[in-house]
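For reference, final-v7.csv is printed below; it contains CSV, C-alpha atoms.
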```csv
chain,number,residue,atom,x,y,z
A,48,MET,CA,17.4,3.0,-13.4
A,49,SER,CA,19.1,0.8,-10.8
A,50,LEU,CA,17.5,0.3,-7.4
A,51,LEU,CA,16.3,-1.9,-4.6
A,52,SER,CA,13.6,-4.4,-4.4
A,53,THR,CA,11.6,-5.5,-1.6
A,54,PHE,CA,0.5,-4.1,-1.3
A,55,SER,CA,-0.6,-5.2,1.3
A,56,SER,CA,-2.5,-8.1,0.3
A,57,PRO,CA,-6.1,-8.9,-0.2
A,58,ASN,CA,-7.5,-12.4,0.3
A,59,SER,CA,-6.4,-14.5,-2.7
A,60,LEU,CA,-10.1,-14.5,-3.7
A,61,HIS,CA,-10.6,-10.8,-3.6
A,62,LEU,CA,-9.0,-8.5,-6.1
A,63,LEU,CA,-9.5,-5.2,-4.3
A,64,HIS,CA,-7.5,-2.2,-3.9
A,65,HIS,CA,-7.8,-1.4,-0.3
A,66,HIS,CA,-5.8,1.8,-0.7
A,67,ASN,CA,-8.8,4.0,-1.3
A,68,HIS,CA,-7.5,7.0,-3.1
A,69,LEU,CA,-7.3,8.8,-6.4
A,70,SER,CA,-6.9,8.8,-10.2
A,71,SER,CA,-5.9,10.9,-13.2
A,72,LEU,CA,-2.5,11.9,-14.2
A,73,ALA,CA,-2.3,11.6,-17.9
A,74,SER,CA,1.5,11.5,-18.6
A,75,PHE,CA,2.4,8.6,-16.4
A,76,HIS,CA,1.2,5.6,-18.4
A,77,SER,CA,3.4,2.6,-18.8
A,78,SER,CA,3.4,-0.5,-21.0
A,79,SER,CA,4.2,-4.0,-19.6
A,80,SER,CA,7.8,-4.7,-19.0
A,81,SER,CA,10.2,-6.9,-17.2
A,82,SER,CA,12.0,-6.3,-13.9
A,83,SER,CA,15.2,-8.0,-12.8
A,84,ILE,CA,15.5,-8.5,-9.0
A,85,ILE,CA,19.0,-9.4,-7.8
A,86,PHE,CA,19.1,-8.3,-4.1
A,87,SER,CA,16.7,-6.7,-1.7
A,88,PRO,CA,18.4,-4.9,1.3
A,89,LEU,CA,16.4,-3.3,4.1
A,90,HIS,CA,18.9,-0.6,4.7
A,91,ILE,CA,20.2,1.7,2.0
A,92,PRO,CA,23.5,3.3,3.1
A,93,ARG,CA,23.9,7.0,2.4
A,94,HIS,CA,27.2,6.5,0.5
A,95,GLY,CA,25.6,4.5,-2.3
A,96,LEU,CA,23.5,1.5,-3.3
A,97,ASN,CA,26.5,-0.9,-3.6
A,98,ALA,CA,25.0,-4.4,-4.0
A,99,THR,CA,21.5,-3.1,-4.6
A,100,LYS,CA,20.5,-3.9,-8.2
A,101,ILE,CA,16.9,-3.7,-9.4
A,102,THR,CA,16.3,-2.7,-12.9
A,103,ILE,CA,13.0,-1.1,-13.6
A,104,ALA,CA,12.3,-0.6,-17.2
A,105,ALA,CA,8.6,0.1,-17.0
A,106,SER,CA,7.6,3.6,-18.0
A,107,THR,CA,7.4,4.8,-21.5
A,108,SER,CA,6.4,8.3,-20.4
A,109,PRO,CA,8.8,11.2,-20.7
A,110,PRO,CA,11.1,11.8,-17.8
A,111,PRO,CA,9.5,13.9,-15.0
A,112,PRO,CA,10.9,17.2,-13.9
A,113,SER,CA,13.7,17.0,-11.4
A,114,ILE,CA,12.8,17.4,-7.8
A,115,SER,CA,13.2,21.1,-6.9
A,116,LYS,CA,15.2,22.1,-3.8
A,117,PRO,CA,12.9,23.2,-0.9
A,118,THR,CA,12.0,26.8,-0.5
A,119,ALA,CA,12.4,26.4,3.3
A,120,SER,CA,15.6,24.9,4.6
A,121,PRO,CA,15.1,21.2,5.5
A,122,THR,CA,16.4,20.2,8.9
A,123,GLN,CA,16.3,17.0,10.9
A,124,SER,CA,15.9,19.0,14.1
A,125,PHE,CA,12.1,18.4,14.0
A,126,ARG,CA,12.8,15.0,15.6
A,127,LYS,CA,14.1,16.9,18.7
A,128,ARG,CA,10.9,18.9,19.0
A,129,SER,CA,7.6,17.9,20.7
A,130,PRO,CA,5.0,16.5,18.3
A,131,LYS,CA,2.8,19.6,18.9
A,132,ASP,CA,5.6,21.6,17.2
A,133,VAL,CA,5.9,19.2,14.2
A,134,ASN,CA,3.9,19.8,11.0
A,135,VAL,CA,3.1,16.6,9.1
A,136,LEU,CA,1.5,16.5,5.6
A,137,VAL,CA,-0.6,13.4,4.8
A,138,THR,CA,-1.6,12.6,1.3
A,139,GLY,CA,-4.1,9.7,0.7
A,140,SER,CA,-5.7,10.8,3.9
A,141,THR,CA,-9.2,9.7,3.0
A,142,GLY,CA,-8.1,6.2,1.9
A,143,TYR,CA,-8.8,3.3,4.1
A,144,ILE,CA,-5.4,3.2,5.8
A,145,GLY,CA,-4.9,7.0,5.4
A,146,LYS,CA,-7.8,7.7,7.8
A,147,PHE,CA,-6.3,5.5,10.5
A,148,VAL,CA,-2.9,7.2,10.0
A,149,VAL,CA,-4.4,10.7,10.3
A,150,ARG,CA,-6.2,9.7,13.5
A,151,GLU,CA,-3.1,8.2,15.0
A,152,LEU,CA,-0.9,11.2,14.2
A,153,CYS,CA,-3.5,13.6,15.7
A,154,ARG,CA,-3.8,11.4,18.8
A,155,ARG,CA,0.0,11.7,19.3
A,156,GLY,CA,-0.3,15.5,19.1
A,157,PHE,CA,1.2,16.3,15.7
A,158,ASN,CA,0.0,19.3,13.6
A,159,VAL,CA,-1.5,17.3,10.7
A,160,VAL,CA,-2.4,18.7,7.3
A,161,ALA,CA,-4.6,16.1,5.5
A,162,VAL,CA,-4.9,16.5,1.8
A,163,ALA,CA,-8.3,15.2,0.5
A,164,ARG,CA,-10.2,15.3,-2.8
A,165,GLU,CA,-13.4,17.2,-2.9
A,166,ARG,CA,-15.2,13.9,-3.6
A,167,SER,CA,-13.6,11.1,-1.7
A,168,GLY,CA,-14.3,7.5,-0.7
A,169,ILE,CA,-15.4,4.6,-2.8
A,170,ARG,CA,-16.8,6.0,-6.1
A,171,GLY,CA,-16.6,9.5,-4.7
A,172,ARG,CA,-19.5,9.1,-2.4
A,173,ASP,CA,-18.2,11.4,0.4
A,174,ASP,CA,-18.3,15.2,0.1
A,175,LYS,CA,-16.2,17.8,1.8
A,176,ALA,CA,-18.2,17.8,4.9
A,177,ARG,CA,-17.9,14.0,5.3
A,178,ALA,CA,-14.2,14.1,4.6
A,179,ALA,CA,-13.7,16.8,7.3
A,180,GLU,CA,-15.7,14.7,9.7
A,181,GLN,CA,-13.6,11.7,9.1
A,182,LEU,CA,-10.4,13.7,9.5
A,183,THR,CA,-11.3,15.4,12.8
A,184,GLY,CA,-8.3,16.9,14.5
A,185,ALA,CA,-6.4,17.7,11.2
A,186,THR,CA,-6.4,20.7,9.0
A,187,VAL,CA,-8.0,19.5,5.8
A,188,CYS,CA,-6.7,20.8,2.5
A,189,PHE,CA,-8.8,20.0,-0.5
A,190,ALA,CA,-6.7,19.5,-3.6
A,191,ASP,CA,-6.2,17.1,-6.5
A,192,VAL,CA,-2.9,15.3,-5.7
A,193,THR,CA,-2.6,14.3,-9.3
A,194,ASP,CA,-2.2,17.9,-10.3
A,195,PRO,CA,1.0,19.3,-8.9
A,196,ASP,CA,0.2,22.9,-9.6
A,197,ALA,CA,-3.2,22.7,-7.9
A,198,LEU,CA,-1.7,20.9,-4.9
A,199,GLY,CA,1.0,23.5,-4.6
A,200,ARG,CA,-1.5,26.4,-4.6
A,201,ALA,CA,-3.7,24.7,-2.0
A,202,LEU,CA,-0.8,24.1,0.3
A,203,ASP,CA,0.6,27.6,-0.2
A,204,ALA,CA,-2.8,29.0,0.8
A,205,LEU,CA,-2.3,27.4,4.3
A,206,GLY,CA,0.9,29.3,4.8
A,207,ARG,CA,2.7,26.8,6.9
A,208,PRO,CA,5.9,24.9,6.5
A,209,VAL,CA,6.1,21.1,6.5
A,210,ASP,CA,8.5,19.0,8.5
A,211,ALA,CA,7.5,15.5,7.3
A,212,VAL,CA,5.3,14.0,4.6
A,213,VAL,CA,3.3,10.7,5.1
A,214,CYS,CA,2.1,9.3,1.7
A,215,CYS,CA,-0.7,6.7,1.9
A,216,LEU,CA,-1.6,7.0,-1.7
A,217,ALA,CA,-2.4,4.0,-3.9
A,218,SER,CA,-4.4,3.4,-7.1
A,219,ARG,CA,-7.9,2.2,-6.5
A,220,GLY,CA,-8.0,-0.9,-8.8
A,221,GLY,CA,-4.4,-1.4,-9.9
A,222,GLY,CA,-5.2,-0.7,-13.6
A,223,ILE,CA,-2.3,0.1,-15.8
A,224,SER,CA,-2.9,3.8,-16.4
A,225,ASP,CA,-4.2,4.4,-12.9
A,226,SER,CA,-1.2,2.8,-11.3
A,227,TRP,CA,1.2,5.3,-13.0
A,228,LYS,CA,-1.2,8.2,-12.3
A,229,VAL,CA,-1.3,7.5,-8.6
A,230,ASP,CA,1.3,5.0,-7.3
A,231,TYR,CA,4.0,6.9,-9.1
A,232,GLY,CA,2.7,10.3,-10.3
A,233,ALA,CA,0.6,11.4,-7.3
A,234,SER,CA,3.2,10.0,-4.8
A,235,ARG,CA,5.9,12.0,-6.6
A,236,ASN,CA,3.8,15.1,-6.5
A,237,SER,CA,3.5,14.7,-2.7
A,238,LEU,CA,7.3,14.6,-2.5
A,239,LEU,CA,7.7,17.7,-4.7
A,240,ALA,CA,5.1,19.6,-2.6
A,241,GLY,CA,6.6,18.6,0.7
A,242,ARG,CA,10.2,19.3,-0.3
A,243,ARG,CA,9.2,22.8,-1.5
A,244,LEU,CA,7.7,23.5,1.9
A,245,GLY,CA,10.8,22.3,3.8
A,246,ALA,CA,10.0,18.7,4.5
A,247,SER,CA,13.2,16.7,5.4
A,248,HIS,CA,11.6,13.3,5.9
A,249,PHE,CA,9.2,11.3,3.8
A,250,VAL,CA,7.2,8.2,5.0
A,251,LEU,CA,5.9,6.1,2.1
A,252,LEU,CA,3.2,3.4,2.6
A,253,SER,CA,4.2,1.0,-0.1
A,254,ALA,CA,3.5,-2.8,-0.3
A,255,ILE,CA,5.4,-5.9,0.5
A,256,CYS,CA,4.5,-7.5,-2.9
A,257,VAL,CA,6.7,-5.0,-4.8
A,258,GLN,CA,9.7,-7.3,-3.9
A,259,LYS,CA,8.5,-9.6,-6.8
A,260,PRO,CA,7.2,-7.1,-9.3
A,261,LEU,CA,5.0,-8.8,-11.9
A,262,LEU,CA,2.2,-6.2,-12.0
A,263,GLU,CA,2.0,-2.6,-13.2
A,264,PHE,CA,1.2,-1.0,-9.9
A,265,GLN,CA,4.2,-2.8,-8.4
A,266,ARG,CA,6.5,-1.4,-11.0
A,267,ALA,CA,5.0,2.1,-10.5
A,268,LYS,CA,5.6,1.9,-6.8
A,269,LEU,CA,9.2,0.7,-7.2
A,270,LYS,CA,9.9,3.5,-9.6
A,271,PHE,CA,8.9,6.0,-7.0
A,272,GLU,CA,10.7,4.2,-4.2
A,273,ALA,CA,13.9,4.5,-6.4
A,274,GLU,CA,13.5,8.2,-6.8
A,275,LEU,CA,12.9,8.6,-3.0
A,276,VAL,CA,16.2,6.8,-2.3
A,277,GLU,CA,18.0,8.8,-4.9
A,278,GLU,CA,16.7,12.0,-3.3
A,279,ALA,CA,18.2,11.0,0.1
A,280,LEU,CA,21.5,10.0,-1.5
A,281,ALA,CA,21.7,13.4,-3.2
A,282,ASP,CA,20.8,15.4,-0.1
A,283,PRO,CA,22.2,14.4,3.3
A,284,GLY,CA,19.6,16.5,5.0
A,285,PHE,CA,16.7,14.4,3.7
A,286,THR,CA,15.6,10.9,4.9
A,287,TYR,CA,12.8,8.5,4.1
A,288,SER,CA,11.1,5.4,5.6
A,289,ILE,CA,9.5,3.0,3.1
A,290,VAL,CA,6.9,0.9,4.9
A,291,ARG,CA,5.9,-2.4,3.1
A,292,PRO,CA,3.0,-4.0,5.0
A,293,THR,CA,1.6,-7.5,4.5
A,294,ALA,CA,-2.2,-8.1,4.3
A,295,PHE,CA,-4.7,-5.8,6.0
A,296,PHE,CA,-7.4,-7.4,8.1
A,297,LYS,CA,-10.3,-6.1,5.9
A,298,SER,CA,-8.8,-7.7,2.8
A,299,LEU,CA,-9.2,-11.1,4.5
A,300,GLY,CA,-12.7,-10.5,5.8
A,301,GLY,CA,-14.6,-10.7,2.6
A,302,GLN,CA,-15.9,-14.2,3.2
A,303,VAL,CA,-16.9,-13.9,6.8
A,304,GLU,CA,-20.5,-13.0,6.2
A,305,THR,CA,-21.0,-15.5,3.4
A,306,VAL,CA,-19.6,-18.4,5.5
A,307,LYS,CA,-21.7,-17.2,8.4
A,308,ASP,CA,-24.7,-17.6,6.0
A,309,GLY,CA,-23.8,-21.2,5.5
A,310,LYS,CA,-21.8,-21.0,2.3
A,311,PRO,CA,-18.4,-22.8,1.9
A,312,TYR,CA,-15.1,-21.0,2.3
A,313,VAL,CA,-13.6,-20.6,-1.2
A,314,MET,CA,-9.9,-21.0,-1.8
A,315,PHE,CA,-7.4,-21.7,-4.6
A,316,GLY,CA,-5.7,-25.0,-4.9
A,317,ASP,CA,-5.3,-26.8,-1.6
A,318,GLY,CA,-5.4,-23.5,0.3
A,319,ARG,CA,-1.6,-23.6,1.0
A,320,LEU,CA,-0.3,-21.8,-2.1
A,321,CYS,CA,0.4,-18.7,-0.1
A,322,ALA,CA,0.5,-17.2,3.4
A,323,CYS,CA,0.6,-13.8,5.1
A,324,LYS,CA,1.0,-12.2,8.6
A,325,PRO,CA,-2.0,-9.9,8.5
A,326,ILE,CA,-1.8,-6.6,10.4
A,327,SER,CA,-4.7,-4.5,11.7
A,328,GLU,CA,-5.3,-1.1,10.2
A,329,ALA,CA,-4.8,0.6,13.7
A,330,ASP,CA,-1.5,-1.3,14.3
A,331,LEU,CA,-0.2,-0.4,10.8
A,332,ALA,CA,-1.1,3.3,11.4
A,333,ALA,CA,0.8,3.2,14.7
A,334,PHE,CA,3.9,1.8,12.9
A,335,VAL,CA,3.6,4.5,10.2
A,336,ALA,CA,3.4,7.2,12.9
A,337,ASP,CA,6.5,5.7,14.6
A,338,CYS,CA,8.4,6.3,11.4
A,339,VAL,CA,7.9,10.1,11.6
A,340,MET,CA,10.1,10.6,14.6
A,341,ASP,CA,12.1,7.3,15.0
A,342,GLU,CA,15.6,8.0,13.6
A,343,ASP,CA,16.3,4.2,13.7
A,344,LYS,CA,13.6,3.8,10.9
A,345,ALA,CA,15.2,6.5,8.7
A,346,CYS,CA,16.6,5.5,5.3
A,347,LYS,CA,15.3,2.0,5.6
A,348,ILE,CA,12.8,-0.3,3.8
A,349,LEU,CA,10.6,-1.7,6.5
A,350,PRO,CA,8.5,-4.8,5.8
A,351,ILE,CA,6.0,-5.3,8.5
A,352,GLY,CA,3.3,-7.8,9.5
A,353,GLY,CA,1.0,-8.4,12.4
A,354,PRO,CA,1.5,-10.5,15.5
A,355,GLY,CA,1.4,-14.3,15.5
A,356,LYS,CA,2.3,-16.9,12.9
A,357,ALA,CA,1.8,-16.7,9.1
A,358,LEU,CA,-1.6,-18.0,8.0
A,359,THR,CA,-2.5,-19.7,4.8
A,360,PRO,CA,-6.0,-19.3,3.3
A,361,LEU,CA,-6.7,-22.9,4.6
A,362,GLU,CA,-5.8,-21.8,8.1
A,363,GLN,CA,-7.8,-18.6,7.8
A,364,GLY,CA,-10.9,-20.7,6.8
A,365,GLN,CA,-10.3,-23.1,9.6
A,366,LEU,CA,-10.1,-20.2,12.1
A,367,LEU,CA,-13.4,-18.8,10.8
A,368,PHE,CA,-15.3,-22.1,11.1
A,369,LYS,CA,-13.9,-22.6,14.6
A,370,LEU,CA,-15.3,-19.2,15.7
A,371,LEU,CA,-18.6,-20.1,14.1
A,372,GLY,CA,-18.7,-23.4,15.9
A,373,ARG,CA,-19.1,-25.3,12.6
A,374,ASP,CA,-17.4,-28.1,10.7
A,375,PRO,CA,-15.1,-26.7,8.0
A,376,LYS,CA,-16.6,-26.7,4.5
A,377,PHE,CA,-14.3,-25.6,1.7
A,378,PHE,CA,-14.7,-25.1,-2.0
A,379,LYS,CA,-11.4,-25.5,-3.9
A,380,VAL,CA,-10.8,-23.7,-7.2
A,381,PRO,CA,-8.0,-24.9,-9.4
A,382,ILE,CA,-5.4,-22.2,-9.9
A,383,GLU,CA,-5.4,-23.2,-13.6
A,384,VAL,CA,-8.8,-21.5,-13.9
A,385,MET,CA,-7.2,-18.1,-13.3
A,386,ASP,CA,-4.5,-18.9,-15.8
A,387,PHE,CA,-7.1,-19.7,-18.5
A,388,VAL,CA,-9.0,-16.5,-17.7
A,389,ILE,CA,-5.9,-14.4,-17.9
A,390,GLY,CA,-4.9,-16.0,-21.2
A,391,VAL,CA,-8.3,-15.2,-22.7
A,392,LEU,CA,-8.2,-11.6,-21.4
A,393,ASP,CA,-4.7,-11.0,-22.7
A,394,PHE,CA,-5.7,-12.2,-26.1
A,395,LEU,CA,-8.8,-10.0,-26.2
A,396,ALA,CA,-6.8,-7.0,-24.9
A,397,LYS,CA,-4.6,-7.2,-28.0
A,398,LEU,CA,-7.7,-6.9,-30.2
A,399,PHE,CA,-9.6,-4.5,-27.9
A,400,PRO,CA,-7.2,-2.2,-26.0
A,401,SER,CA,-10.1,-1.1,-23.7
A,402,LEU,CA,-9.8,-4.5,-22.1
A,403,GLU,CA,-6.2,-3.9,-21.0
A,404,ASP,CA,-7.2,-3.2,-17.4
A,405,ALA,CA,-9.4,-6.2,-17.2
A,406,ALA,CA,-6.5,-8.4,-18.2
A,407,GLU,CA,-4.4,-6.6,-15.5
A,408,PHE,CA,-7.0,-7.2,-12.9
A,409,GLY,CA,-7.0,-10.9,-13.7
A,410,LYS,CA,-3.2,-11.0,-13.2
A,411,ILE,CA,-3.6,-9.2,-9.9
A,412,GLY,CA,-6.1,-11.9,-8.8
A,413,ARG,CA,-3.7,-14.6,-9.9
A,414,TYR,CA,-0.8,-13.0,-8.0
A,415,TYR,CA,-2.6,-12.9,-4.7
A,416,ALA,CA,-3.9,-16.5,-5.2
A,417,ALA,CA,-0.3,-17.8,-5.4
A,418,GLU,CA,2.2,-15.4,-3.9
A,419,SER,CA,2.7,-15.0,-0.2
A,420,MET,CA,2.7,-11.6,1.5
A,421,LEU,CA,5.9,-12.3,3.4
A,422,VAL,CA,9.5,-11.2,3.1
A,423,LEU,CA,11.1,-12.8,0.1
A,424,ASP,CA,14.5,-14.2,1.1
A,425,PRO,CA,17.1,-12.7,-1.3
A,426,GLU,CA,19.3,-15.8,-1.1
A,427,THR,CA,16.8,-18.7,-1.3
A,428,ARG,CA,14.2,-16.8,-3.3
A,429,GLU,CA,11.5,-18.2,-1.0
A,430,TYR,CA,9.1,-16.4,1.2
A,431,SER,CA,10.0,-16.4,4.9
A,432,ALA,CA,7.6,-16.0,7.8
A,433,GLU,CA,10.5,-15.9,10.2
A,434,LYS,CA,12.1,-12.9,8.4
A,435,THR,CA,8.8,-11.0,8.2
A,436,PRO,CA,8.8,-8.6,11.3
A,437,SER,CA,5.7,-8.6,13.5
A,438,TYR,CA,4.2,-5.5,15.1
A,439,GLY,CA,1.1,-4.7,17.2
A,440,LYS,CA,-1.3,-6.6,19.3
A,441,ASP,CA,-4.5,-7.1,17.2
A,442,THR,CA,-5.1,-10.6,15.9
A,443,LEU,CA,-7.0,-11.9,12.9
A,444,GLU,CA,-9.1,-14.1,15.2
A,445,GLU,CA,-10.3,-11.0,17.1
A,446,PHE,CA,-11.1,-9.3,13.8
A,447,PHE,CA,-13.1,-12.3,12.5
A,448,ALA,CA,-15.0,-12.5,15.8
A,449,LYS,CA,-15.9,-8.8,15.5
A,450,VAL,CA,-17.1,-9.1,11.9
A,451,ILE,CA,-19.2,-12.1,12.9
A,452,ARG,CA,-20.9,-10.0,15.6
A,453,GLU,CA,-21.1,-6.6,13.7
A,454,GLY,CA,-20.6,-7.3,10.0
A,455,MET,CA,-18.2,-5.5,7.6
A,456,ALA,CA,-20.0,-2.1,7.9
A,457,GLY,CA,-17.4,0.7,7.4
A,458,GLN,CA,-14.8,-1.8,6.0
A,459,GLU,CA,-16.2,-2.3,2.6
A,460,LEU,CA,-13.9,-3.8,0.0
A,461,GLY,CA,-12.6,-1.7,-2.8
A,462,GLU,CA,-14.0,-1.0,-6.3
A,463,GLN,CA,-12.5,-4.1,-7.9
A,464,THR,CA,-13.7,-7.3,-6.4
A,465,ILE,CA,-13.5,-10.9,-7.8
A,466,ILE,CA,-14.9,-13.9,-6.0
```

Would you give me this structure, written as structure tokens?
Amino acid sequence: MSLLSTFSSPNSLHLLHHHNHLSSLASFHSSSSSSSIIFSPLHIPRHGLNATKITIAASTSPPPPSISKPTASPTQSFRKRSPKDVNVLVTGSTGYIGKFVVRELCRRGFNVVAVARERSGIRGRDDKARAAEQLTGATVCFADVTDPDALGRALDALGRPVDAVVCCLASRGGGISDSWKVDYGASRNSLLAGRRLGASHFVLLSAICVQKPLLEFQRAKLKFEAELVEEALADPGFTYSIVRPTAFFKSLGGQVETVKDGKPYVMFGDGRLCACKPISEADLAAFVADCVMDEDKACKILPIGGPGKALTPLEQGQLLFKLLGRDPKFFKVPIEVMDFVIGVLDFLAKLFPSLEDAAEFGKIGRYYAAESMLVLDPETREYSAEKTPSYGKDTLEEFFAKVIREGMAGQELGEQTII
């Protein structure tokens, strides 16, 4: 398959999956593979992909069924209507970003159908009542997004058409099987369900790190992005917006409380190996909501960061110590430590396949320790803060100050955390 290139990022010391969503779609497993990136445009013209060339040879699963034509006739006319007359389907609604997106769409007056699992949240701690409380203002549809038939039945029971789909799904930990179950499989199920109900626009919350795909969840996301673009090329009445954010605030806040308690700020190398332009969850949700109605954002890949300059881990630590009124105290971990751990895990995974995900988690940690969450310039192959768009008004300094005052309650890190 040929297509484009270009996760939001946790702190290089935290392997977490801040997309708090689902699991379990058996047929979408993939073995490790290579990806060749040649060019990474932000706009995909309707007449073809021209210079776009990304080869994704990741999945060994059988080809999925073709996307069926919608039962209802898709139309772009929904953009001419008032939000109160527009039906938006949101999957991944109980995830960390998904909840912000649902809240923002409801605030703007859209008719929101939020798909949620019967047990949601970290380790399934939230029941239906809690999910409904978190998604106030939306019609909550309880269904397993990894089961296309169950999802279809649940949505049919509501008896309403869909104008646009917003997909905030992401695998919890980035494990190999889970990545293909969710980042590809469940996202694709969202597209199938929405198209069948008449959806003519699809907003995908992807990740900026897919522009350099070395990890399984990145390859899974790219495969779905490719199919989304192909669907728009095949049907002039269908559009998409692929949103690729940089780091989320909460993924950079994991060390605030430990540093507040007097411990050093831990970073890899000299703290300058990577950088990001972090964006607040509320600002990202607002940008995603913009994509529903803004025709200028249609059929485009949209990298997005927060306001201000790009920050390295060293600068993030310095900012934190400044807010605490203390002299900086850093603990530097050689990046080679991660390489050694990954080598051991890779070797053990060959002997004990059950350790396959542990090896992948190590690679994810290594990736975020060294790769910037910024736009990768297709010509220089270097990360560019200048080419990474900024959006919103919330700053990391304000977020750190709030966490110092109030703690991280309600912004817990995901199920996989390495420190």

Figure out the distance between CA of Leu261 in chain A and CA of Gly222 in chain A, please, to one decimal in Å.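 The value is 13.1 Å.
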
Selected residue of minimal separation from Ser253 in chain A among A:Ala273, A:Cys215, A:Leu423, A:Leu182, counting only C-alpha atoms: A:Cys215

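Atom pair CA of Leu205 in chain A / CA of Val160 in chain A: separated by 9.2 Å.
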
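Comparing A:Ala281, A:Pro292, A:Phe378, A:Gln363 by their smallest distance to Val313 in chain A, the closest is A:Phe378 (using all atoms listed in the file).
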
Can you check which parts of range 408-462 of chain A lie within 10 Å of range 391-403 of chain A? Per residue, the shortest pair of atoms and distance in Å to one decimal, counting all atoms listed in the file, sorted by chain and number, as CSV.
```
residue,atom,partner,partner_atom,distance
A:Phe408,CA,A:Glu403,CA,8.8
A:Gly409,CA,A:Leu392,CA,7.8
A:Lys410,CA,A:Asp393,CA,9.6
```

Selection: 12 Å around Ala322 in chain A, all atoms listed in the file, excl. self and same-chain fewer than 4 positions, as a PDB file with C-alpha atoms, in the frame of the given file:
```
ATOM      1  CA  SER A  56      -2.500  -8.100   0.300  1.00  0.00           C
ATOM      2  CA  PRO A  57      -6.100  -8.900  -0.200  1.00  0.00           C
ATOM      3  CA  ASN A  58      -7.500 -12.400   0.300  1.00  0.00           C
ATOM      4  CA  SER A  59      -6.400 -14.500  -2.700  1.00  0.00           C
ATOM      5  CA  THR A 293       1.600  -7.500   4.500  1.00  0.00           C
ATOM      6  CA  ALA A 294      -2.200  -8.100   4.300  1.00  0.00           C
ATOM      7  CA  LEU A 299      -9.200 -11.100   4.500  1.00  0.00           C
ATOM      8  CA  GLY A 318      -5.400 -23.500   0.300  1.00  0.00           C
ATOM      9  CA  GLY A 352       3.300  -7.800   9.500  1.00  0.00           C
ATOM     10  CA  LYS A 356       2.300 -16.900  12.900  1.00  0.00           C
ATOM     11  CA  ALA A 357       1.800 -16.700   9.100  1.00  0.00           C
ATOM     12  CA  LEU A 358      -1.600 -18.000   8.000  1.00  0.00           C
ATOM     13  CA  THR A 359      -2.500 -19.700   4.800  1.00  0.00           C
ATOM     14  CA  PRO A 360      -6.000 -19.300   3.300  1.00  0.00           C
ATOM     15  CA  LEU A 361      -6.700 -22.900   4.600  1.00  0.00           C
ATOM     16  CA  GLU A 362      -5.800 -21.800   8.100  1.00  0.00           C
ATOM     17  CA  GLN A 363      -7.800 -18.600   7.800  1.00  0.00           C
ATOM     18  CA  TYR A 415      -2.600 -12.900  -4.700  1.00  0.00           C
ATOM     19  CA  ALA A 416      -3.900 -16.500  -5.200  1.00  0.00           C
ATOM     20  CA  ALA A 417      -0.300 -17.800  -5.400  1.00  0.00           C
ATOM     21  CA  GLU A 418       2.200 -15.400  -3.900  1.00  0.00           C
ATOM     22  CA  SER A 419       2.700 -15.000  -0.200  1.00  0.00           C
ATOM     23  CA  MET A 420       2.700 -11.600   1.500  1.00  0.00           C
ATOM     24  CA  LEU A 421       5.900 -12.300   3.400  1.00  0.00           C
ATOM     25  CA  VAL A 422       9.500 -11.200   3.100  1.00  0.00           C
ATOM     26  CA  LEU A 423      11.100 -12.800   0.100  1.00  0.00           C
ATOM     27  CA  GLU A 429      11.500 -18.200  -1.000  1.00  0.00           C
ATOM     28  CA  TYR A 430       9.100 -16.400   1.200  1.00  0.00           C
ATOM     29  CA  SER A 431      10.000 -16.400   4.900  1.00  0.00           C
ATOM     30  CA  ALA A 432       7.600 -16.000   7.800  1.00  0.00           C
ATOM     31  CA  THR A 435       8.800 -11.000   8.200  1.00  0.00           C
TER      32      THR A 435
END
```
